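Student: Please read through the structure below; I'll follow up with questions.
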Amino acid sequence: MDLLTTRCIGVIFDTAVDVTSHESTCARVFELVELGGAAYVCFATAHMLVAASRQEEIKQAYRGASIVNPDGTPVAWCLKLMGYQDARCVNGPTHTPILLREAERRGVPVGFYGGRPETLAKMLAVLNVEYPSLKVAYVYSPPFRALSEEEQADDLAKINASGARLLFVGLGSPKQEIWMHRNYASMNCLCLGVGAVFEFLSGEKVLPPVWVQQLGLTWLVRLWQEPRRLARRNLYSPVFVVMFLMRFIPDVCRRVMGMPPRKQVDVWRDAQ
């Protein structure tokens with residue numbers, strides 16, 4: 001696909017992360033929607049960038065994405081340290097409402113795949129109030145187990161038949177990234193891996209204040225809210241910092257000494 005706008009990326013642990021903002025991501029998403037065809041969008045946290053550096057399938061899932069947003073202030077800070085001063089944190093919980101509002105304005109049908117049935121019911125009740133003209137074409141909570149080939153094919157057929165052009169996928173990471181990478185070519189919509197967003201839209205979970213997010217402490221508040229589920233995942237935060245500094249500092253030294261930068265990974269980008 002040929003887009004009017006091209007990607008500006010920084011490479012973190014061999015993963016291309018877009019230098020973007022809420023405004024530019026929203027514009028690019030609907031440019032992809034208007035172009036049609038198969039594509040998907042990821043939101044990369046510090047935890048997932050570390051995981052991608054260690055697991056080939058996750059790495060390939062990020063490489064296949066048309067947009068990889070920096071999900072978390074620390075990830076955006078790393079891009080800034082690399083010289084990309086326009087980088088902004090664009091995470092699922094704060095960006096999804098922006099996309100829903102624009103989809104409502106444009107009359108673009110949306111779908112939701114993932115989450116628990118009770119969460120989806122609460123979410124739809126909220127959406128009916130906050131986005132009264134939004135066209136919700138598809139909603140489904142798949143079983144919390146591996147699907148058979150027949151079940152997966154049936155899900156994809158129903159997604160295509162629904163007419164949804166934006167599909168929000170809330171299966172959690174890395175399951176949603178792998179699911180999108182494996183299946184996006186069989187769908188007639190743009191997929192977005194948004195994690196726990198359905199729980200935020202339903203009101204079951206609440207984001208911390210903006211000032212906490214700007215300080216890069218969202219992970220700490222979320223850990224306090226859900227210590228059992230998030231404790232292991234948040235252990236990746238110090239690992240991410242150490243890994244980044246181990247790669248960033250030598251590159252700075254090379255620039256100071258007038259040496260060429262280390263060769264970066266070749267990034268597959270069909271969206272340019």
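Letters A, B, ... mark the chains of the structure tokens in the order given; residue numbers begin at 1 per chain; ligand numbers begin at 1, in order shown.
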If you count only C-alpha atoms, which residues fall within 12 Å of Tyr84 (chain A), apart from same-chain ones fewer than 2 positions away, as number ranges by chain?
Tutor: A: 8-11, 17-21, 75-82, 86-88
Student: Set the distance at 8 Å and use only C-alpha atoms: which residues neighbour Ser186 (chain A) once local chain neighbours fewer than 3 positions away are removed? I'd like the list as a PDB file with C-alpha atoms, in the first residue's frame.
Tutor:
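The result, written out as result_1.pdb:
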ATOM      1  CA  ALA A  38      -5.206  -5.785   5.174  1.00  0.00           C
ATOM      2  CA  LEU A 156     -12.615 -14.413  10.470  1.00  0.00           C
ATOM      3  CA  ASN A 183      -4.676 -13.501  10.493  1.00  0.00           C
TER       4      ASN A 183
END
Student: As a ChimeraX atom specification, please: the residues near Arg116 (chain A) (cut-off 7 Å, only C-alpha atoms, same-chain neighbours under 3 positions excluded).
Tutor: /A:119-120,141
Student: I need the chosen residues saved as a PDB file, in the first residue's frame, with C-alpha atoms.
Tutor:
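Output contents, as saved in again39.pdb:
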ATOM      1  CA  THR A 119     -16.929  -6.499  29.992  1.00  0.00           C
ATOM      2  CA  LEU A 120     -18.154  -6.110  26.422  1.00  0.00           C
ATOM      3  CA  SER A 141     -15.630 -12.558  23.159  1.00  0.00           C
TER       4      SER A 141
END
Student: Do you know which residues are at most 7 Å from Asp14 (chain A) counting only C-alpha atoms, after dropping those on the same chain fewer than 2 positions away, and could you put them as a count of residues only?
Tutor: 5
Student: Could you check which of A:His181, A:Lys135, A:His22, A:Arg63 is closest to Ala164 (chain A), using only C-alpha atoms?
Tutor: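 Closest to Ala164 (chain A), using only C-alpha atoms: A:Lys135.
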Student: Go ahead and compute the interatomic distance for CA of Leu201 (chain A) and CA of Phe30 (chain A), in Å to one decimal.
Tutor: 20.9 Å
Student: Mind checking which residues fall within 12 Å of Glu130 (chain A), counting only C-alpha atoms, ignoring those fewer than 6 positions away in the same chain, and posting them as a list in words?
Tutor: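 With the cut-off at 12 Å, the set is Pro97, Ile98, Leu100, Arg101, Glu104, Met123, Leu124, Leu201 and Ser202 of chain A.
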Student: Run DSSP on the backbone of this structure and report the residues of region 90-188 of chain A it assigns to strand (DSSP E or B), as a list in words.
Tutor: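 Assigned to strand (DSSP E or B), within region 90-188 of chain A: Val110, Gly111, Phe112, Tyr113, Gly114, Val136, Ala137, Tyr138, Val139, Tyr140, Leu166, Leu167, Phe168, Val169 and Gly170 of chain A.
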Student: Find the distance between CA of Leu192 (chain A) and CA of Lys122 (chain A) and write it in Å to one decimal.
Tutor: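 Those two atoms sit 20.4 Å apart.
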Student: Choose the residue, out of A:Glu118, A:Glu199, A:Glu204, A:Glu177, that has the smallest atom-to-atom separation from Val41 (chain A); count only C-alpha atoms.
Tutor: A:Glu177
Student: Using CA of Tyr113 (chain A) and CA of Gln176 (chain A) as the two end points, give the distance in Å to one decimal.
Tutor: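 Interatomic distance here is 9.8 Å.
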Student: Between A:Ser24, A:Thr15, A:Asn128, A:Ser66, which is the closest to Ala39 (chain A) once you count only C-alpha atoms?
Tutor: A:Ser66
Student: Quick one: residues within 8 Å of Asn188 (chain A), only C-alpha atoms, excluding same-chain residues fewer than 5 positions away - as a list of chain:residue names?
Tutor: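 Residues near the query, excluding close chain neighbours: A:Gly36, A:Gly37, A:Ala38, A:Asn160, A:Arg165.
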